[in-house]
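Trainee: This is model21.txt, which holds compact mmCIF, C-alpha atoms and all ligand atoms:
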# COMPACT_ATOMS: atom_id res chain seq x y z
CA MET A 232 -12.87 12.71 -2.59
CA ASN A 233 -9.81 14.69 -3.64
CA ARG A 234 -8.42 14.99 -7.18
CA ALA A 235 -5.76 12.34 -6.67
CA GLU A 236 -8.33 9.82 -5.42
CA ALA A 237 -10.63 10.58 -8.38
CA PHE A 238 -7.66 10.04 -10.71
CA LEU A 239 -6.76 6.72 -9.04
CA LEU A 240 -10.34 5.45 -9.25
CA GLU A 241 -10.56 6.31 -12.94
CA PHE A 242 -7.10 4.90 -13.77
CA HIS A 243 -7.81 1.61 -11.99
CA ARG A 244 -11.25 1.44 -13.65
CA ARG A 245 -9.46 1.49 -17.00
CA HIS A 246 -6.49 -0.68 -15.96
CA PRO A 247 -7.43 -3.15 -13.22
CA GLY A 248 -4.52 -5.41 -12.32
CA CYS A 249 -1.93 -2.96 -13.68
CA THR A 250 0.42 -3.34 -10.70
CA ARG A 251 0.35 -7.15 -10.87
CA ILE A 252 1.09 -6.93 -14.61
CA ALA A 253 4.12 -4.73 -13.91
CA PHE A 254 5.60 -6.40 -10.83
CA SER A 255 4.45 -9.98 -10.30
CA ALA A 256 7.39 -11.35 -12.30
CA GLY A 257 9.86 -8.89 -10.77
CA ALA A 258 12.79 -10.12 -8.68
CA SER A 259 14.81 -8.43 -5.95
CA LEU A 260 18.47 -8.17 -6.99
CA GLU A 261 19.30 -8.95 -3.35
CA THR A 262 17.05 -11.94 -2.56
CA GLY A 263 15.42 -13.03 -5.84
CA GLU A 264 11.96 -12.56 -4.30
CA SER A 265 9.29 -10.50 -6.05
CA SER A 266 8.18 -7.32 -4.28
CA TYR A 267 4.94 -9.19 -3.38
CA GLU A 268 6.96 -12.03 -1.83
CA LEU A 269 8.92 -9.54 0.28
CA LEU A 270 5.58 -9.03 2.08
CA SER A 271 3.96 -12.48 1.87
CA SER A 272 7.08 -14.11 3.33
CA LEU A 273 6.48 -12.17 6.58
CA ALA A 274 3.17 -13.95 7.24
CA ASN A 275 3.39 -16.79 9.73
CA GLN A 276 0.08 -17.98 11.17
CA ASP A 277 -1.05 -14.37 11.03
CA SER A 278 -4.50 -12.97 10.42
CA VAL A 279 -3.63 -10.61 7.56
CA LEU A 280 -5.21 -7.47 6.13
CA ASP A 281 -4.01 -6.14 2.74
CA ILE A 282 -4.82 -2.44 2.30
CA GLY A 283 -5.09 -1.26 -1.31
CA CYS A 284 -5.19 -4.93 -2.37
CA GLY A 285 -5.83 -4.24 -6.08
CA ASP A 286 -6.75 -7.39 -8.01
CA GLY A 287 -5.68 -9.65 -5.15
CA HIS A 288 -2.26 -10.95 -6.25
CA LEU A 289 -0.69 -10.51 -2.80
CA LEU A 290 -3.78 -12.04 -1.13
CA SER A 291 -3.47 -15.09 -3.38
CA LEU A 292 0.19 -15.54 -2.31
CA LEU A 293 -0.77 -15.10 1.35
CA ALA A 294 -3.51 -17.72 0.96
CA LYS A 295 -0.88 -20.23 -0.22
CA ARG A 296 1.29 -19.82 2.90
CA PRO A 297 1.36 -22.82 5.23
CA ASN A 298 -0.93 -22.41 8.26
CA HIS A 299 -2.46 -19.31 6.74
CA ARG A 300 -5.60 -17.83 8.21
CA HIS A 301 -7.88 -16.47 5.54
CA PRO A 302 -6.38 -13.10 4.46
CA VAL A 303 -8.70 -10.13 3.91
CA GLY A 304 -8.25 -7.29 1.40
CA VAL A 305 -9.69 -3.81 1.08
CA ASP A 306 -9.47 -1.38 -1.79
CA PHE A 307 -11.51 1.68 -2.70
CA SER A 308 -11.60 0.75 -6.41
CA PRO A 309 -14.67 -1.37 -7.23
CA ASP A 310 -13.04 -2.34 -10.52
CA GLU A 311 -9.90 -3.74 -8.87
CA LEU A 312 -12.13 -5.67 -6.45
CA ALA A 313 -14.22 -7.06 -9.31
CA ALA A 314 -10.99 -8.25 -10.96
CA ALA A 315 -9.87 -9.79 -7.65
CA ARG A 316 -13.14 -11.71 -7.31
CA GLN A 317 -12.95 -12.85 -10.91
CA ARG A 318 -9.35 -14.07 -10.61
CA HIS A 319 -9.72 -15.71 -7.19
CA ALA A 320 -13.33 -16.57 -6.31
CA ASP A 321 -12.40 -17.58 -2.75
CA LEU A 322 -10.75 -14.30 -1.73
CA ILE A 323 -12.37 -12.13 0.94
CA VAL A 324 -12.29 -8.52 -0.26
CA ALA A 325 -14.31 -5.43 0.61
CA GLN A 326 -14.63 -1.92 -0.76
CA ALA A 327 -13.27 0.50 1.83
CA LYS A 328 -10.84 3.35 2.26
CA ALA A 329 -7.71 2.81 4.30
CA GLN A 330 -8.68 5.96 6.23
CA SER A 331 -11.87 4.26 7.49
CA LEU A 332 -11.42 0.51 7.87
CA PRO A 333 -14.63 -1.49 8.46
CA PHE A 334 -13.13 -3.77 11.15
CA ALA A 335 -13.29 -4.04 14.92
CA PRO A 336 -10.25 -3.10 17.05
CA CYS A 337 -7.48 -5.73 17.32
CA THR A 338 -8.72 -7.84 14.37
CA PHE A 339 -5.42 -8.47 12.53
CA SER A 340 -1.90 -9.48 13.58
CA LEU A 341 -0.35 -8.33 10.28
CA ALA A 342 -1.39 -5.56 7.88
CA VAL A 343 0.39 -5.27 4.53
CA SER A 344 0.30 -2.83 1.65
CA HIS A 345 2.04 -3.28 -1.70
CA PHE A 346 2.64 -0.08 -3.70
CA ALA A 347 -0.46 1.53 -2.15
CA PHE A 348 0.39 3.21 1.20
CA HIS A 349 2.43 6.00 -0.41
CA LEU A 350 -0.50 6.85 -2.72
CA MET A 351 -2.85 7.62 0.16
CA ALA A 352 -3.92 11.00 1.52
CA ASN A 353 -4.14 11.83 5.25
CA LEU A 354 -1.56 9.23 6.20
CA HIS A 355 -1.84 10.10 9.90
CA VAL A 356 -5.47 8.88 9.72
CA VAL A 357 -4.37 5.67 7.97
CA VAL A 358 -1.78 5.11 10.73
CA ASP A 359 -4.51 5.69 13.37
CA GLU A 360 -6.64 3.06 11.66
CA LEU A 361 -3.73 0.60 11.46
CA ALA A 362 -3.05 1.04 15.18
CA ARG A 363 -6.74 0.42 15.89
CA VAL A 364 -7.26 -2.76 13.82
CA LEU A 365 -3.90 -4.39 14.67
CA THR A 366 -3.48 -6.53 17.78
CA PRO A 367 -1.11 -5.18 20.48
CA THR A 368 1.71 -7.35 19.07
CA GLY A 369 0.73 -6.73 15.44
CA ARG A 370 2.87 -5.42 12.59
CA PHE A 371 2.36 -3.29 9.50
CA ALA A 372 4.59 -3.92 6.46
CA ALA A 373 4.55 -1.91 3.25
CA ILE A 374 6.40 -1.84 -0.06
CA ILE A 375 6.99 1.75 -1.11
CA GLY A 376 7.95 2.48 -4.72
CA GLY A 377 10.99 4.63 -5.48
CA GLY A 378 12.94 5.83 -8.48
CA PRO A 379 14.86 3.98 -11.19
CA LYS A 380 18.23 2.26 -10.74
CA LEU A 381 20.64 4.59 -12.45
CA GLY A 382 21.80 3.54 -15.90
CA ASP A 383 19.23 0.97 -16.90
CA THR A 384 16.18 1.02 -19.13
CA PHE A 385 13.74 2.23 -16.46
CA GLU A 386 15.75 5.44 -16.13
CA SER A 387 15.85 5.90 -19.95
CA PHE A 388 12.09 5.35 -20.15
CA LEU A 389 11.36 7.96 -17.47
CA GLU A 390 13.68 10.47 -19.17
CA LEU A 391 11.98 9.96 -22.54
CA LEU A 392 8.57 10.25 -20.89
CA SER A 393 9.45 13.48 -19.08
CA GLU A 394 10.75 15.02 -22.34
CA ARG A 395 7.29 14.39 -23.80
CA ARG A 396 5.25 15.47 -20.77
CA ARG A 397 3.43 18.73 -21.40
CA ASP A 398 2.94 21.41 -18.76
CA ASP A 399 -0.82 20.92 -18.93
CA THR A 400 -0.56 17.29 -17.78
CA ARG A 401 -3.69 16.33 -15.86
CA VAL A 402 -2.05 13.69 -13.68
CA PRO A 403 -2.34 15.14 -10.17
CA SER A 404 0.25 14.80 -7.45
CA ILE A 405 -0.66 11.57 -5.64
CA GLY A 406 -0.12 10.77 -1.95
CA GLU A 407 1.95 12.59 0.64
CA ARG A 408 5.69 13.17 0.48
CA ARG A 409 6.13 11.73 3.98
CA GLY A 410 4.83 8.37 2.70
CA ARG A 411 7.85 8.14 0.38
CA THR A 412 10.77 9.45 2.46
CA GLU A 413 12.56 7.67 5.27
CA GLU A 414 12.23 10.70 7.57
CA GLY A 415 8.53 11.01 6.79
CA LEU A 416 7.83 7.34 7.47
CA VAL A 417 9.85 7.40 10.70
CA GLU A 418 7.93 10.48 11.83
CA LEU A 419 4.53 8.99 10.93
CA PHE A 420 5.01 5.78 12.91
CA THR A 421 7.47 6.55 15.71
CA SER A 422 5.55 9.66 16.80
CA HIS A 423 2.35 7.60 17.04
CA LYS A 424 1.68 6.19 20.47
CA GLY A 425 0.24 3.00 18.94
CA PHE A 426 3.58 2.06 17.35
CA ARG A 427 7.03 1.28 18.73
CA ASN A 428 9.71 3.88 18.55
CA GLU A 429 11.60 2.08 15.74
CA LEU A 430 11.01 1.12 12.13
CA GLN A 431 12.64 -1.72 10.21
CA ILE A 432 13.56 -0.39 6.79
CA SER A 433 15.27 -2.36 4.01
CA ASP A 434 16.05 -1.08 0.54
CA HIS A 435 15.91 -3.32 -2.53
CA TYR A 436 16.20 -3.10 -6.27
CA ILE A 437 13.42 -4.90 -8.15
CA ASP A 438 14.20 -5.94 -11.73
CA PHE A 439 10.91 -6.17 -13.59
CA GLY A 440 12.60 -6.58 -16.95
CA GLY A 441 12.07 -9.18 -19.67
CA THR A 442 11.89 -9.18 -23.46
CA PHE A 443 11.33 -5.79 -25.11
CA ASP A 444 7.59 -6.43 -25.45
CA GLU A 445 7.31 -7.57 -21.83
CA VAL A 446 9.22 -4.51 -20.60
CA TRP A 447 7.04 -2.22 -22.69
CA THR A 448 3.83 -3.84 -21.40
CA ARG A 449 5.02 -3.43 -17.80
CA LEU A 450 6.12 0.19 -18.29
CA SER A 451 2.80 0.99 -19.99
CA THR A 452 1.12 0.72 -16.57
CA VAL A 453 2.67 3.93 -15.17
CA TYR A 454 0.21 6.62 -14.05
CA ASP A 455 2.12 9.30 -16.00
CA LEU A 456 1.02 7.74 -19.31
CA ALA A 457 -2.68 8.23 -18.44
CA TYR A 458 -3.23 11.25 -20.65
CA VAL A 459 -0.56 10.66 -23.28
CA SER A 460 -2.27 10.22 -26.66
CA ALA A 461 -2.03 6.98 -28.63
CA GLU A 462 0.17 8.74 -31.20
CA GLU A 463 2.55 10.13 -28.56
CA THR A 464 2.68 6.71 -26.89
CA LEU A 465 3.76 5.09 -30.16
CA ASP A 466 6.42 7.77 -30.58
CA LEU A 467 7.62 7.11 -27.01
CA ARG A 468 7.73 3.36 -27.68
CA GLU A 469 9.94 3.85 -30.75
CA ALA A 470 12.25 6.28 -28.94
CA PHE A 471 12.46 3.80 -26.06
CA ARG A 472 13.22 0.93 -28.46
CA ALA A 473 16.07 2.99 -29.96
CA SER A 474 17.48 3.64 -26.47
CA VAL A 475 17.67 -0.08 -25.56
CA ALA A 476 21.13 -1.52 -26.24
CA ASN A 477 19.86 -4.89 -27.55
CA GLU A 478 16.12 -4.95 -28.14
CA HIS A 479 16.27 -8.69 -29.00
CA ALA A 480 17.84 -9.73 -25.69
CA SER A 481 15.78 -12.32 -23.81
CA HIS A 482 16.11 -10.23 -20.66
CA ILE A 483 16.40 -6.45 -20.72
CA PRO A 484 16.93 -5.30 -17.11
CA CYS A 485 14.43 -2.69 -15.90
CA THR A 486 15.01 -1.86 -12.29
CA MET A 487 13.22 0.18 -9.63
CA ALA A 488 14.41 1.04 -6.14
CA ILE A 489 11.85 0.02 -3.54
CA ARG A 490 11.72 0.14 0.23
CA ARG A 491 10.19 -2.34 2.64
CA VAL A 492 9.04 -0.75 5.88
CA ILE A 493 7.92 -2.70 8.94
CA ALA A 494 6.31 -0.96 11.94
CA HIS A 495 5.50 -2.80 15.16
CA ARG A 496 2.53 -2.00 17.38
CA ALA A 497 3.44 -0.83 20.84
CA ARG A 498 2.15 -3.52 23.24
CA ASP A 499 1.10 -1.28 26.09
CA THR A 500 -1.39 0.98 24.31
C1 LIG A 601 -0.60 0.75 -7.35
S1 LIG A 601 -2.08 -0.08 -6.94
C2 LIG A 601 -1.49 -1.52 -6.05
C3 LIG A 601 -2.51 -2.64 -6.01
C4 LIG A 601 -2.02 -3.91 -5.29
N1 LIG A 601 -1.61 -3.63 -3.93
C5 LIG A 601 -0.90 -4.54 -6.05
O1 LIG A 601 0.25 -4.21 -5.76
O2 LIG A 601 -1.14 -5.35 -6.96
C6 LIG A 601 -2.70 0.91 -5.62
C7 LIG A 601 -4.03 0.44 -5.11
O3 LIG A 601 -4.36 1.17 -3.93
C8 LIG A 601 -5.73 1.51 -3.97
N2 LIG A 601 -5.90 2.67 -3.09
C9 LIG A 601 -5.30 3.89 -3.22
N3 LIG A 601 -5.66 4.69 -2.21
C10 LIG A 601 -6.52 3.98 -1.42
C11 LIG A 601 -7.20 4.26 -0.21
N4 LIG A 601 -7.10 5.45 0.38
N5 LIG A 601 -7.96 3.29 0.34
C12 LIG A 601 -8.06 2.07 -0.27
N6 LIG A 601 -7.44 1.74 -1.42
C13 LIG A 601 -6.67 2.69 -1.98
C14 LIG A 601 -6.01 1.77 -5.45
O4 LIG A 601 -7.37 1.66 -5.76
C15 LIG A 601 -5.17 0.68 -6.10
O5 LIG A 601 -5.88 -0.53 -6.28
Could you render the structure from this file as structure tokens?
Mentor:
Amino acid sequence: MNRAEAFLLEFHRRHPGCTRIAFSAGASLETGESSYELLSSLANQDSVLDIGCGDGHLLSLLAKRPNHRHPVGVDFSPDELAAARQRHADLIVAQAKAQSLPFAPCTFSLAVSHFAFHLMANLHVVVDELARVLTPTGRFAAIIGGGPKLGDTFESFLELLSERRRDDTRVPSIGERRGRTEEGLVELFTSHKGFRNELQISDHYIDFGGTFDEVWTRLSTVYDLAYVSAEETLDLREAFRASVANEHASHIPCTMAIRRVIAHRARDT
């Protein structure tokens, strides 16, 4: 296990469900869907695998789709999986790494990953595994997190956080750069013989804003706060409050750029 994986395991042990807390109420400025719905809406009578399923929010949406076949989730965090089982007793989840999926070839017609693919190491191995477990007409769809929308509170928060970040921060660099960039994603999938030579990419802004307290709770889930002391966190909260134009507004916009990527299996391999 590398340092980033050890960090992720420890962070998700302390904060299971953090991604659902941050993004389940978010809405795309383009379509109104949450980032989870941008994936669940793709499922249509598919057998679905969710990799890095966390506490199962996406699986629970998939299980509500008409004609759904029971979706399956994997995650390497036992604490996220325990939370998933507690929240949704009927979900099928297993502890596994995306780099070594415990399924037979051609098991799923759709694999999804919400805010998890770009955190993974050895992405070429993950792509090998996706090609193996997907059917020859299968698809992989991921939501990849990006930066803030310029000019709103998410940008101010990140600026205030970076001013306070010390050089000795212990948060390691997580995932591979090619999991976050368009060129990297295109290279990963289109150079793989198991996938078609084209990717469908759409960019969205997700507003996960709300009241000041809701925004603060959602922003408190970022990995970069892991080693910030309670005192420094309070200082950051007050500086952030001062930066918000109207802290009593019922909806303070807080907006992240995200990317939805869809890769199609190549039929003839
Ligand atoms: C940001 S969270 C997203 C959780 C969930 N998909 C959601 O959006 O609610 C990332 C998740 O990916 C999992 N993860 C990271 N790398 C993994 C890997 N290589 N194999 C399996 N799970 C992994 C983490 O344990 C964590 O639960």
Trainee: Can you tell me which residues surround Val446 of chain A at a distance of at most 10 Å, considering all atoms listed in the file, apart from same-chain residues fewer than 4 positions away, and format the answer as a ChimeraX atom specification?
Mentor: /A:253,384-385,439-442,450-451,482-485
Trainee: Against ligand LIG 601 (chain A), which residues of chain A fall within 9 Å? For each one I want the closest pair of atoms and the distance in Å (one decimal), counting all atoms listed in the file, rows by chain and increasing residue number, as JSON lines.
Mentor:
{"residue": "A:Ala235", "atom": "CA", "partner": "A:LIG601", "partner_atom": "N3", "distance": 8.9}
{"residue": "A:Glu236", "atom": "CA", "partner": "A:LIG601", "partner_atom": "N3", "distance": 6.6}
{"residue": "A:Leu239", "atom": "CA", "partner": "A:LIG601", "partner_atom": "O4", "distance": 6.1}
{"residue": "A:Leu240", "atom": "CA", "partner": "A:LIG601", "partner_atom": "O4", "distance": 5.9}
{"residue": "A:Phe242", "atom": "CA", "partner": "A:LIG601", "partner_atom": "O4", "distance": 8.6}
{"residue": "A:His243", "atom": "CA", "partner": "A:LIG601", "partner_atom": "O4", "distance": 6.2}
{"residue": "A:Arg244", "atom": "CA", "partner": "A:LIG601", "partner_atom": "O4", "distance": 8.8}
{"residue": "A:Pro247", "atom": "CA", "partner": "A:LIG601", "partner_atom": "O5", "distance": 7.6}
{"residue": "A:Gly248", "atom": "CA", "partner": "A:LIG601", "partner_atom": "O2", "distance": 6.3}
{"residue": "A:Cys249", "atom": "CA", "partner": "A:LIG601", "partner_atom": "O2", "distance": 7.2}
{"residue": "A:Thr250", "atom": "CA", "partner": "A:LIG601", "partner_atom": "O2", "distance": 4.5}
{"residue": "A:Arg251", "atom": "CA", "partner": "A:LIG601", "partner_atom": "O2", "distance": 4.6}
{"residue": "A:Ile252", "atom": "CA", "partner": "A:LIG601", "partner_atom": "O2", "distance": 8.1}
{"residue": "A:Ala253", "atom": "CA", "partner": "A:LIG601", "partner_atom": "O2", "distance": 8.7}
{"residue": "A:Phe254", "atom": "CA", "partner": "A:LIG601", "partner_atom": "O1", "distance": 7.7}
{"residue": "A:Ser255", "atom": "CA", "partner": "A:LIG601", "partner_atom": "O2", "distance": 8.0}
{"residue": "A:Ser266", "atom": "CA", "partner": "A:LIG601", "partner_atom": "O1", "distance": 8.6}
{"residue": "A:Tyr267", "atom": "CA", "partner": "A:LIG601", "partner_atom": "O1", "distance": 7.2}
{"residue": "A:Asp281", "atom": "CA", "partner": "A:LIG601", "partner_atom": "N1", "distance": 7.5}
{"residue": "A:Ile282", "atom": "CA", "partner": "A:LIG601", "partner_atom": "C12", "distance": 6.1}
{"residue": "A:Gly283", "atom": "CA", "partner": "A:LIG601", "partner_atom": "O3", "distance": 3.6}
{"residue": "A:Cys284", "atom": "CA", "partner": "A:LIG601", "partner_atom": "N1", "distance": 4.1}
{"residue": "A:Gly285", "atom": "CA", "partner": "A:LIG601", "partner_atom": "C3", "distance": 3.7}
{"residue": "A:Asp286", "atom": "CA", "partner": "A:LIG601", "partner_atom": "O2", "distance": 6.1}
{"residue": "A:Gly287", "atom": "CA", "partner": "A:LIG601", "partner_atom": "O2", "distance": 6.5}
{"residue": "A:His288", "atom": "CA", "partner": "A:LIG601", "partner_atom": "O2", "distance": 5.8}
{"residue": "A:Leu289", "atom": "CA", "partner": "A:LIG601", "partner_atom": "O2", "distance": 6.6}
{"residue": "A:Val305", "atom": "CA", "partner": "A:LIG601", "partner_atom": "C12", "distance": 6.2}
{"residue": "A:Asp306", "atom": "CA", "partner": "A:LIG601", "partner_atom": "N6", "distance": 3.7}
{"residue": "A:Phe307", "atom": "CA", "partner": "A:LIG601", "partner_atom": "C12", "distance": 4.2}
{"residue": "A:Ser308", "atom": "CA", "partner": "A:LIG601", "partner_atom": "O4", "distance": 4.4}
{"residue": "A:Pro309", "atom": "CA", "partner": "A:LIG601", "partner_atom": "O4", "distance": 8.0}
{"residue": "A:Asp310", "atom": "CA", "partner": "A:LIG601", "partner_atom": "O4", "distance": 8.4}
{"residue": "A:Glu311", "atom": "CA", "partner": "A:LIG601", "partner_atom": "O5", "distance": 5.8}
{"residue": "A:Leu312", "atom": "CA", "partner": "A:LIG601", "partner_atom": "O5", "distance": 8.1}
{"residue": "A:Gln326", "atom": "CA", "partner": "A:LIG601", "partner_atom": "C12", "distance": 7.7}
{"residue": "A:Ala327", "atom": "CA", "partner": "A:LIG601", "partner_atom": "C12", "distance": 5.8}
{"residue": "A:Lys328", "atom": "CA", "partner": "A:LIG601", "partner_atom": "N5", "distance": 3.5}
{"residue": "A:Ala329", "atom": "CA", "partner": "A:LIG601", "partner_atom": "N5", "distance": 4.0}
{"residue": "A:Gln330", "atom": "CA", "partner": "A:LIG601", "partner_atom": "N4", "distance": 6.1}
{"residue": "A:Ser331", "atom": "CA", "partner": "A:LIG601", "partner_atom": "N5", "distance": 8.2}
{"residue": "A:Leu332", "atom": "CA", "partner": "A:LIG601", "partner_atom": "N5", "distance": 8.7}
{"residue": "A:Val343", "atom": "CA", "partner": "A:LIG601", "partner_atom": "N1", "distance": 8.8}
{"residue": "A:Ser344", "atom": "CA", "partner": "A:LIG601", "partner_atom": "N1", "distance": 6.0}
{"residue": "A:His345", "atom": "CA", "partner": "A:LIG601", "partner_atom": "N1", "distance": 4.3}
{"residue": "A:Phe346", "atom": "CA", "partner": "A:LIG601", "partner_atom": "C1", "distance": 5.0}
{"residue": "A:Ala347", "atom": "CA", "partner": "A:LIG601", "partner_atom": "C6", "distance": 4.2}
{"residue": "A:Phe348", "atom": "CA", "partner": "A:LIG601", "partner_atom": "N3", "distance": 7.1}
{"residue": "A:His349", "atom": "CA", "partner": "A:LIG601", "partner_atom": "N3", "distance": 8.4}
{"residue": "A:Leu350", "atom": "CA", "partner": "A:LIG601", "partner_atom": "N3", "distance": 5.6}
{"residue": "A:Met351", "atom": "CA", "partner": "A:LIG601", "partner_atom": "N3", "distance": 4.7}
{"residue": "A:Ala352", "atom": "CA", "partner": "A:LIG601", "partner_atom": "N4", "distance": 6.5}
{"residue": "A:Asn353", "atom": "CA", "partner": "A:LIG601", "partner_atom": "N4", "distance": 8.6}
{"residue": "A:Leu354", "atom": "CA", "partner": "A:LIG601", "partner_atom": "N4", "distance": 8.9}
{"residue": "A:Val357", "atom": "CA", "partner": "A:LIG601", "partner_atom": "N4", "distance": 8.1}
{"residue": "A:Ile374", "atom": "CA", "partner": "A:LIG601", "partner_atom": "O1", "distance": 8.7}
{"residue": "A:Gly406", "atom": "CA", "partner": "A:LIG601", "partner_atom": "N3", "distance": 8.2}
{"residue": "A:Tyr454", "atom": "CA", "partner": "A:LIG601", "partner_atom": "C1", "distance": 8.9}
Trainee: So what do you get for atom CA of Glu478 of chain A versus atom CA of Asp444 of chain A, distance-wise?
Mentor: 9.1 Å
Trainee: Determine the nearest neighbour of Val358 of chain A from the options A:Gly382, A:Gly257, A:Gly425, A:Gly376, counting only C-alpha atoms.
Mentor: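 Smallest separation from Val358 of chain A among the options: A:Gly425.
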Trainee: Restrict the calculation to only C-alpha atoms, then for each residue of segment 433-481 of chain A with any atom at most 9 Å from an atom of segment 489-496 of chain A give the closest atom pair and their distance in Å to one decimal, rows by chain and rising residue number, as a Markdown table.
Mentor:
| residue | atom | partner | partner_atom | distance |
| --- | --- | --- | --- | --- |
| A:Ser433 | CA | A:Arg491 | CA | 5.3 |
| A:Asp434 | CA | A:Arg490 | CA | 4.5 |
| A:His435 | CA | A:Ile489 | CA | 5.4 |
| A:Tyr436 | CA | A:Ile489 | CA | 6.0 |
| A:Ile437 | CA | A:Ile489 | CA | 6.9 |
Trainee: Within 8 Å of Pro336 of chain A, counting only C-alpha atoms, which residues show up once you throw out same-chain ones fewer than 3 positions away? Write them as a compact mmCIF listing (two decimals) with C-alpha atoms, in the frame of the given file, please.
Mentor:
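This went into part.txt:
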# COMPACT_ATOMS: atom_id res chain seq x y z
CA ARG A 363 -6.74 0.42 15.89
CA VAL A 364 -7.26 -2.76 13.82
CA LEU A 365 -3.90 -4.39 14.67
CA THR A 366 -3.48 -6.53 17.78
Trainee: Looking at A:Ala335, A:Ala314, A:Glu463, A:Glu268, which one is nearest to Lys295 of chain A, with distances taken over all atoms listed in the file?
Mentor: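 Of the candidates, the smallest distance to Lys295 of chain A is held by A:Glu268.
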Trainee: Provide the atom CA of Glu394 of chain A to atom CA of Arg409 of chain A distance in Å, to one decimal place.
Mentor: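 Computed distance, atom CA of Glu394 of chain A to atom CA of Arg409 of chain A, equals 26.9 Å.
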Trainee: Atom CA of Ser278 of chain A and atom CA of His301 of chain A are how many Å apart?
Mentor: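 The value is 6.9 Å.
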Trainee: Nearest to Leu416 of chain A among A:Phe238, A:Ala461, A:His355, A:Ser474, with distances taken over all atoms listed in the file: which residue is it?
Mentor: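 Closest candidate: A:His355.
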Trainee: Which of these residues is nearest to Ala470 of chain A, using all atoms listed in the file: A:Ala497, A:Val402, A:Ala294, A:Leu392?
Mentor: A:Leu392
Trainee: Quick one: segment 466-470 of chain A with all heavy atoms, as a PDB file, in the coordinates of the input?
Mentor:
ATOM      1  N   ASP A 466       5.155   7.049 -30.401  1.00  0.00           N
ATOM      2  CA  ASP A 466       6.420   7.770 -30.580  1.00  0.00           C
ATOM      3  C   ASP A 466       7.378   7.448 -29.413  1.00  0.00           C
ATOM      4  O   ASP A 466       8.566   7.188 -29.616  1.00  0.00           O
ATOM      5  CB  ASP A 466       6.113   9.274 -30.660  1.00  0.00           C
ATOM      6  CG  ASP A 466       7.367  10.105 -30.545  1.00  0.00           C
ATOM      7  OD1 ASP A 466       8.189  10.012 -31.465  1.00  0.00           O
ATOM      8  OD2 ASP A 466       7.537  10.819 -29.536  1.00  0.00           O
ATOM      9  N   LEU A 467       6.812   7.432 -28.199  1.00  0.00           N
ATOM     10  CA  LEU A 467       7.620   7.110 -27.010  1.00  0.00           C
ATOM     11  C   LEU A 467       8.157   5.684 -27.116  1.00  0.00           C
ATOM     12  O   LEU A 467       9.329   5.421 -26.830  1.00  0.00           O
ATOM     13  CB  LEU A 467       6.751   7.267 -25.751  1.00  0.00           C
ATOM     14  CG  LEU A 467       7.395   6.831 -24.441  1.00  0.00           C
ATOM     15  CD1 LEU A 467       8.598   7.704 -24.104  1.00  0.00           C
ATOM     16  CD2 LEU A 467       6.374   6.907 -23.291  1.00  0.00           C
ATOM     17  N   ARG A 468       7.305   4.769 -27.572  1.00  0.00           N
ATOM     18  CA  ARG A 468       7.730   3.360 -27.680  1.00  0.00           C
ATOM     19  C   ARG A 468       8.914   3.239 -28.649  1.00  0.00           C
ATOM     20  O   ARG A 468       9.879   2.525 -28.371  1.00  0.00           O
ATOM     21  CB  ARG A 468       6.539   2.520 -28.184  1.00  0.00           C
ATOM     22  CG  ARG A 468       6.785   1.021 -28.170  1.00  0.00           C
ATOM     23  CD  ARG A 468       5.509   0.311 -28.644  1.00  0.00           C
ATOM     24  NE  ARG A 468       5.481  -1.078 -28.277  1.00  0.00           N
ATOM     25  CZ  ARG A 468       5.988  -2.077 -28.997  1.00  0.00           C
ATOM     26  NH1 ARG A 468       6.587  -1.810 -30.140  1.00  0.00           N
ATOM     27  NH2 ARG A 468       5.915  -3.318 -28.576  1.00  0.00           N
ATOM     28  N   GLU A 469       8.839   3.954 -29.772  1.00  0.00           N
ATOM     29  CA  GLU A 469       9.940   3.850 -30.750  1.00  0.00           C
ATOM     30  C   GLU A 469      11.213   4.494 -30.213  1.00  0.00           C
ATOM     31  O   GLU A 469      12.308   3.961 -30.401  1.00  0.00           O
ATOM     32  CB  GLU A 469       9.516   4.459 -32.093  1.00  0.00           C
ATOM     33  CG  GLU A 469       8.536   3.571 -32.855  1.00  0.00           C
ATOM     34  CD  GLU A 469       8.869   2.071 -32.750  1.00  0.00           C
ATOM     35  OE1 GLU A 469       9.991   1.679 -33.134  1.00  0.00           O
ATOM     36  OE2 GLU A 469       8.024   1.303 -32.246  1.00  0.00           O
ATOM     37  N   ALA A 470      11.067   5.634 -29.530  1.00  0.00           N
ATOM     38  CA  ALA A 470      12.250   6.280 -28.940  1.00  0.00           C
ATOM     39  C   ALA A 470      12.854   5.367 -27.872  1.00  0.00           C
ATOM     40  O   ALA A 470      14.082   5.237 -27.755  1.00  0.00           O
ATOM     41  CB  ALA A 470      11.856   7.629 -28.338  1.00  0.00           C
TER      42      ALA A 470
END
